[in-house]
>>> print(open('structure25.cif').read())   # mmCIF, C-alpha atoms
data_input
#
loop_
_atom_site.label_atom_id
_atom_site.label_comp_id
_atom_site.auth_asym_id
_atom_site.auth_seq_id
_atom_site.Cartn_x
_atom_site.Cartn_y
_atom_site.Cartn_z
CA MET A 1 89.93 57.60 62.42
CA ASN A 2 92.74 59.09 64.49
CA GLY A 3 94.67 62.17 63.46
CA ASP A 4 97.79 60.34 62.25
CA LEU A 5 95.84 57.93 60.10
CA LEU A 6 93.76 60.79 58.75
CA THR A 7 96.75 62.90 57.76
CA THR A 8 98.62 59.92 56.32
CA ARG A 9 95.68 58.79 54.23
CA ALA A 10 94.82 62.36 53.24
CA ARG A 11 98.34 62.87 51.93
CA GLU A 12 98.18 59.61 49.98
CA VAL A 13 94.84 60.58 48.47
CA TYR A 14 96.15 64.04 47.64
CA LEU A 15 99.32 62.80 45.93
CA GLU A 16 97.44 60.09 44.04
CA SER A 17 94.96 62.68 42.82
CA THR A 18 97.74 64.70 41.18
CA GLU A 19 98.52 61.74 38.94
CA ARG A 20 94.97 61.57 37.59
CA LEU A 21 94.66 65.05 36.16
CA ASP A 22 93.08 64.98 32.73
CA GLU A 23 95.01 66.02 29.66
CA ALA A 24 93.24 69.36 29.29
CA VAL A 25 94.23 70.42 32.79
CA ARG A 26 97.80 69.21 32.25
CA ALA A 27 98.03 71.16 29.02
CA ALA A 28 96.65 74.28 30.71
CA LEU A 29 99.18 73.95 33.53
CA ALA A 30 102.03 73.49 31.05
CA ALA A 31 100.89 76.61 29.17
CA ALA A 32 100.74 78.54 32.43
CA ARG A 33 104.24 77.37 33.25
CA ARG A 34 105.54 78.55 29.88
CA ARG A 35 103.90 81.94 30.36
CA ALA A 36 105.46 82.22 33.80
CA LEU A 37 108.92 81.35 32.49
CA ALA A 38 108.53 83.82 29.63
CA SER A 39 107.78 86.57 32.13
CA SER A 40 110.67 85.59 34.38
CA THR A 41 113.16 88.28 35.32
CA ILE A 42 116.00 85.79 35.54
CA ARG A 43 118.93 86.85 33.40
CA GLU A 44 121.44 84.13 32.77
CA PRO A 45 125.15 85.03 32.47
CA GLU A 46 126.48 84.63 28.90
CA PRO A 47 130.30 84.44 29.11
CA VAL A 48 130.75 83.20 25.53
CA ALA A 49 128.88 86.16 24.11
CA TRP A 50 130.91 88.70 26.06
CA TRP A 51 134.50 87.48 25.74
CA PRO A 52 135.15 89.03 22.27
CA VAL A 53 134.07 92.41 23.59
CA GLY A 54 136.38 92.06 26.56
CA ALA A 55 139.29 90.99 24.38
CA ALA A 56 138.77 93.91 21.99
CA ALA A 57 138.63 96.36 24.88
CA ALA A 58 141.84 94.94 26.33
CA ALA A 59 143.59 95.25 22.94
CA VAL A 60 142.51 98.87 22.55
CA MET A 61 143.74 99.68 26.04
CA LEU A 62 147.10 98.01 25.37
CA ALA A 63 147.54 99.92 22.10
CA ALA A 64 146.67 103.19 23.80
CA MET A 65 149.15 102.52 26.60
CA LEU A 66 151.95 101.81 24.08
CA TRP A 67 151.06 104.88 22.02
CA ILE A 68 151.14 107.30 24.91
CA ALA A 69 153.93 105.62 26.87
CA PRO A 70 156.32 108.36 28.16
CA GLN A 71 159.68 108.64 26.32
CA PRO A 72 162.89 108.76 28.47
CA ALA A 73 163.40 112.32 29.70
CA PRO A 74 166.65 114.07 28.66
CA GLU A 75 167.60 114.56 32.30
CA ALA A 76 167.19 110.93 33.00
CA TYR A 77 169.22 110.06 29.93
CA GLN A 78 171.97 112.45 31.02
CA ALA A 79 171.91 111.06 34.50
CA SER A 80 172.35 107.56 33.22
CA LEU A 81 175.20 108.83 30.98
CA ASP A 82 176.82 110.62 33.87
CA GLU A 83 176.78 107.69 36.15
CA ALA A 84 177.50 104.65 34.08
CA GLY A 85 178.07 105.76 30.50
CA LEU A 86 180.80 108.27 31.30
CA GLN A 87 182.95 105.71 33.06
CA GLU A 88 182.43 103.36 30.17
CA LEU A 89 183.47 106.06 27.68
CA MET A 90 186.58 106.90 29.70
CA ALA A 91 187.54 103.28 29.85
CA LEU A 92 187.10 103.06 26.09
CA GLY A 93 189.25 106.18 25.58
CA GLN A 94 192.03 104.72 27.66
CA GLU A 95 191.92 101.59 25.60
CA LEU A 96 192.29 103.63 22.41
CA GLY A 97 195.21 105.57 23.89
CA LEU A 98 193.55 108.94 23.65
CA GLY A 99 195.19 110.03 26.93
CA ASP A 100 198.68 109.44 25.49
CA GLU A 101 198.41 111.99 22.71
CA GLU A 102 200.27 115.29 22.85
CA PRO A 103 197.90 118.05 24.06
CA ALA A 104 199.87 120.70 22.13
CA LEU A 105 198.59 119.25 18.89
CA TYR A 106 195.12 120.49 19.79
CA ALA A 107 196.11 123.90 21.05
CA TRP A 108 194.97 125.50 17.78
CA LEU A 109 191.41 124.47 18.70
CA ASP A 110 191.45 126.90 21.62
CA HIS A 111 193.00 129.72 19.57
CA PRO A 112 191.87 129.47 15.98
CA MET B 1 120.11 78.85 31.39
CA LEU B 2 120.68 76.75 34.48
CA ARG B 3 118.55 78.94 36.71
CA THR B 4 115.69 79.19 34.24
CA ARG B 5 115.85 75.43 33.84
CA ALA B 6 115.80 74.99 37.62
CA LEU B 7 112.71 77.20 37.85
CA GLU B 8 111.03 75.24 35.08
CA ILE B 9 111.71 71.97 36.91
CA PHE B 10 110.39 73.44 40.14
CA LEU B 11 107.18 74.67 38.52
CA ALA B 12 106.67 71.42 36.63
CA GLY B 13 107.02 69.51 39.87
CA ILE B 14 104.59 71.59 41.86
CA GLU B 15 101.93 72.59 39.32
CA ALA B 16 99.70 69.49 39.65
CA ARG B 17 99.72 69.68 43.43
CA ALA B 18 99.08 73.42 43.29
CA PHE B 19 96.10 72.80 41.04
CA ARG B 20 94.68 70.24 43.48
CA ILE B 21 95.18 72.65 46.38
CA ALA B 22 93.45 75.46 44.49
CA SER B 23 90.63 73.26 43.23
CA SER B 24 90.00 71.85 46.71
CA ALA B 25 89.52 75.40 47.98
CA LEU B 26 87.75 76.94 44.99
CA ALA B 27 85.76 73.96 43.65
CA ASN B 28 86.10 75.42 40.19
CA GLU B 29 88.60 74.25 37.58
CA ALA B 30 88.96 77.56 35.75
CA ASP B 31 89.40 79.55 38.97
CA ALA B 32 91.94 76.99 40.20
CA LEU B 33 93.93 77.26 36.96
CA ASP B 34 93.86 81.05 37.22
CA ALA B 35 95.14 80.92 40.79
CA VAL B 36 97.96 78.54 39.89
CA GLN B 37 98.97 80.57 36.85
CA GLU B 38 98.99 83.77 38.87
CA ALA B 39 101.17 82.13 41.52
CA MET B 40 103.59 80.82 38.87
CA ILE B 41 103.92 84.18 37.16
CA ARG B 42 104.40 86.10 40.40
CA LEU B 43 107.06 83.67 41.56
CA ALA B 44 108.93 83.88 38.25
CA ARG B 45 108.72 87.66 38.02
CA ARG B 46 109.47 88.61 41.59
CA TYR B 47 111.35 85.77 43.19
CA GLY B 48 113.12 83.91 40.39
CA LYS B 49 116.45 85.33 41.55
CA ARG B 50 115.95 84.18 45.13
CA PRO B 51 117.69 80.98 46.32
CA GLU B 52 115.94 77.85 45.12
CA SER B 53 115.40 76.68 48.70
CA GLU B 54 113.05 79.64 49.18
CA TRP B 55 110.89 78.95 46.14
CA ALA B 56 108.55 76.38 47.77
CA PRO B 57 107.46 78.47 50.78
CA LEU B 58 107.27 81.57 48.58
CA PHE B 59 105.17 79.78 46.00
CA HIS B 60 102.79 78.49 48.67
CA ARG B 61 102.48 81.95 50.15
CA ILE B 62 101.63 83.42 46.76
CA LEU B 63 99.21 80.59 45.98
CA THR B 64 97.55 80.92 49.39
CA ASN B 65 97.06 84.65 48.83
CA SER B 66 95.80 84.05 45.31
CA ILE B 67 93.21 81.57 46.58
CA ARG B 68 92.19 83.96 49.35
CA ASP B 69 91.72 86.76 46.83
CA SER B 70 89.63 84.52 44.61
CA LEU B 71 87.45 83.40 47.53
CA ARG B 72 87.08 87.00 48.71
CA ARG B 73 85.94 88.16 45.27
CA ARG B 74 83.54 85.24 45.06
CA ARG B 75 82.05 85.97 48.47
CA VAL B 76 81.60 89.66 47.69
CA ARG B 77 80.01 88.80 44.37
CA SER B 78 77.67 86.25 45.91
CA ARG B 79 76.69 88.71 48.65
CA TRP B 80 75.93 91.66 46.37
CA VAL B 81 75.14 90.25 42.97
CA LEU B 82 73.95 86.68 43.08
CA PRO B 83 70.96 87.13 45.41
CA TRP B 84 69.38 89.24 42.67
CA ALA B 85 70.57 87.18 39.75
CA ALA B 86 67.93 84.64 38.91
CA GLY B 87 69.11 81.31 37.60
CA ARG B 88 72.69 81.84 38.77
CA VAL B 89 74.43 79.26 40.92
CA ASP B 90 75.19 80.44 44.42
CA ASP B 91 78.93 80.00 44.69
CA ASP B 92 78.69 79.59 48.45
CA ALA B 93 76.85 76.38 47.79
CA LEU B 94 80.06 75.08 46.24
CA LEU B 95 81.80 75.62 49.52
CA MET B 96 79.37 73.51 51.52
CA PRO B 97 80.59 70.04 52.41
CA ASP B 98 79.03 67.04 50.78
CA THR B 99 77.92 64.78 53.62
CA ALA B 100 75.42 62.57 51.83
CA ASP B 101 77.41 59.36 52.01
CA PRO B 102 77.97 58.17 55.60
CA ALA B 103 80.94 55.90 56.19
CA GLY B 104 83.12 55.12 59.16
CA ASP B 105 86.65 55.23 57.81
CA ALA B 106 85.73 57.36 54.85
CA LEU B 107 88.96 57.87 52.98
CA ALA B 108 90.42 54.41 53.55
CA GLY B 109 87.52 52.52 52.04
CA MET B 110 87.05 54.54 48.85
CA GLU B 111 88.31 54.51 45.32
CA ALA B 112 91.03 57.07 44.72
CA GLU B 113 88.97 59.67 42.88
CA GLU B 114 86.05 59.39 45.25
CA ALA B 115 88.40 59.67 48.22
CA TRP B 116 89.84 62.85 46.75
CA GLN B 117 86.40 64.33 46.20
CA VAL B 118 85.42 63.57 49.79
CA LEU B 119 88.69 64.99 51.11
CA ALA B 120 88.35 68.10 48.97
CA ALA B 121 84.78 68.62 50.18
CA GLY B 122 85.95 68.19 53.74
CA LEU B 123 88.69 70.75 53.20
CA ARG B 124 86.18 73.20 51.75
CA SER B 125 84.06 72.83 54.87
CA LEU B 126 86.91 74.16 57.00
CA PRO B 127 87.51 77.84 57.73
CA ASP B 128 90.14 79.27 55.38
CA ARG B 129 92.99 79.37 57.89
CA GLN B 130 92.35 75.82 59.08
CA ARG B 131 92.22 74.58 55.50
CA GLU B 132 95.47 76.36 54.69
CA ALA B 133 97.21 74.95 57.76
CA PHE B 134 96.06 71.41 56.96
CA VAL B 135 97.05 71.65 53.31
CA LEU B 136 100.50 73.03 54.06
CA ARG B 137 101.30 70.82 57.04
CA ALA B 138 99.60 67.52 56.22
CA LEU B 139 99.38 67.47 52.43
CA GLU B 140 102.45 69.46 51.38
CA GLY B 141 104.56 68.37 54.33
CA LEU B 142 105.85 71.83 55.21
CA ASP B 143 107.12 72.28 58.75
CA VAL B 144 105.56 74.73 61.18
CA ALA B 145 107.98 77.56 60.35
CA GLN B 146 107.51 77.19 56.58
CA SER B 147 103.75 76.99 57.01
CA ALA B 148 103.80 80.15 59.14
CA GLU B 149 105.78 81.92 56.44
CA ALA B 150 103.38 80.75 53.74
CA MET B 151 100.31 81.74 55.76
CA GLY B 152 101.79 85.02 56.98
CA CYS B 153 101.11 84.27 60.63
CA SER B 154 102.90 83.05 63.75
CA GLU B 155 103.98 79.47 64.31
CA GLY B 156 101.61 79.29 67.27
CA SER B 157 98.70 80.20 65.00
CA VAL B 158 99.70 77.47 62.57
CA LYS B 159 99.70 74.88 65.35
CA THR B 160 96.29 76.03 66.57
CA HIS B 161 94.74 76.11 63.12
CA TYR B 162 96.21 72.75 62.23
CA PHE B 163 95.00 71.08 65.41
CA ARG B 164 91.50 72.42 64.89
CA ALA B 165 91.57 71.43 61.23
CA VAL B 166 92.45 67.83 62.05
CA GLN B 167 89.70 67.68 64.69
CA ALA B 168 87.09 69.19 62.38
CA LEU B 169 88.10 67.12 59.38
CA ARG B 170 88.12 63.93 61.39
CA GLY B 171 84.65 64.70 62.68
CA ARG B 172 83.47 65.57 59.19
CA LEU B 173 84.78 62.36 57.64
CA GLU B 174 83.53 60.16 60.46
CA GLU B 175 80.03 61.44 59.79
CA ARG B 176 80.13 59.83 56.41
#
>>> encode(input="structure25.cif", output="structure tokens")
Amino acid sequence: MNGDLLTTRAREVYLESTERLDEAVRAALAAARRRALASSTIREPEPVAWWPVGAAAAAVMLAAMLWIAPQPAPEAYQASLDEAGLQELMALGQELGLGDEEPALYAWLDHP
Amino acid sequence: MLRTRALEIFLAGIEARAFRIASSALANEADALDAVQEAMIRLARRYGKRPESEWAPLFHRILTNSIRDSLRRRRVRSRWVLPWAAGRVDDDALLMPDTADPAGDALAGMEAEEAWQVLAAGLRSLPDRQREAFVLRALEGLDVAQSAEAMGCSEGSVKTHYFRAVQALRGRLEER
């Protein structure tokens, strides 16, 4: 028997032998497999279980950001009034004819 | 779930072959089942997270070590306990080849179960490293690199052990 024939036949005999295991051995192997899987350290990802937690955390963060959002500073408000609002007010005053009134009518305001 | 399922499929696919490998070395069903279970549990606990392509060589390495440990314990026990234990079976006798049935082309002319018993006896007659190299290379179909990883030795050692195993096994079977 040459080496190639030996290894080929040996492999055939080996693989065939695995199909003839008796039921007791098969059951013992299946039990061993279950024990091995039960002791496995594999942790599967569970996206469905975690998404409500993530959504709740995002909602809390959004509420906190809105609650503590900084109000416009007075300086900034004044600056915006100085630059754009003042011109708008002057334009409105001209439209109402405020500049045409007699200044002497308001002299009593300076000297009550 | 997918990874656990993949591991279950892997173990289910290899467990019968692993049992045959262990039983061919240990010649004892209970010891073989223990060795296979130990290998399964160690793989699942320690290497379940590793890529699936690494499971086969890792499993064979664990199984090989498990069989070696079992044989080592048996040899120590037979050396120190059994000689004084009357009526006990000498476990080393289980490792001796059965050469009572001479035949030219032994494996080819036998029924399947008988052929397996002859092959298993022939494997048990080999030194441990030669048996491991033959099992991994010829029976399991691992390449030299995978076999070296499973045996924990160099690729050159695998080639040497395998060559000697084929020569010895051929001689053993031709005696039958």
>>> residues_around(input="structure25.cif", residues="Ser157 in chain B", least_positions_apart="6", cutoff="12 Å", atoms="only C-alpha atoms", output="PyMOL selection string")
chain B and resi 129-130+132-133+144-145+147-149+151+163-165
>>> write_last_selection(input="structure25.cif", atoms="C-alpha atoms", output="compact mmCIF listing (two decimals), in the frame of the given file")
# COMPACT_ATOMS: atom_id res chain seq x y z
CA ARG B 129 92.99 79.37 57.89
CA GLN B 130 92.35 75.82 59.08
CA GLU B 132 95.47 76.36 54.69
CA ALA B 133 97.21 74.95 57.76
CA VAL B 144 105.56 74.73 61.18
CA ALA B 145 107.98 77.56 60.35
CA SER B 147 103.75 76.99 57.01
CA ALA B 148 103.80 80.15 59.14
CA GLU B 149 105.78 81.92 56.44
CA MET B 151 100.31 81.74 55.76
CA PHE B 163 95.00 71.08 65.41
CA ARG B 164 91.50 72.42 64.89
CA ALA B 165 91.57 71.43 61.23
>>> resolve_selection(input="structure25.cif", expression="the PyMOL selection byres ((chain B and resi 127) around 12)", output="list in words")
Ala25, Arg68, Leu71, Leu95, Met96, Pro97, Gly122, Leu123, Arg124, Ser125, Leu126, Asp128, Arg129, Gln130, Arg131, Glu132, Ala133, Phe134, His161, Tyr162, Arg164, Ala165, Val166, Ala168 and Leu169 of chain B
>>> interface_residues(input="structure25.cif", of="chain A", to="chain B", cutoff="9 Å", atoms="only C-alpha atoms", output="ChimeraX atom specification")
/A:1-3,6-21,25-26,28-46
>>> atom_distance(input="structure25.cif", atom1="CA of Thr64 in chain B", atom2="CA of Ala150 in chain B")
7.3 Å
>>> atom_distance(input="structure25.cif", atom1="CA of Phe10 in chain B", atom2="CA of Ala27 in chain B")
24.9 Å
>>> atom_distance(input="structure25.cif", atom1="CA of Asp4 in chain A", atom2="CA of Pro57 in chain B")
23.5 Å
>>> axis_aligned_box(input="structure25.cif", around="range 29-40 of chain A", padding_each_side="6 Å", output="AutoDock Vina command-line options")
--center_x 104.9 --center_y 80.0 --center_z 31.8 --size_x 23.5 --size_y 25.1 --size_z 17.2
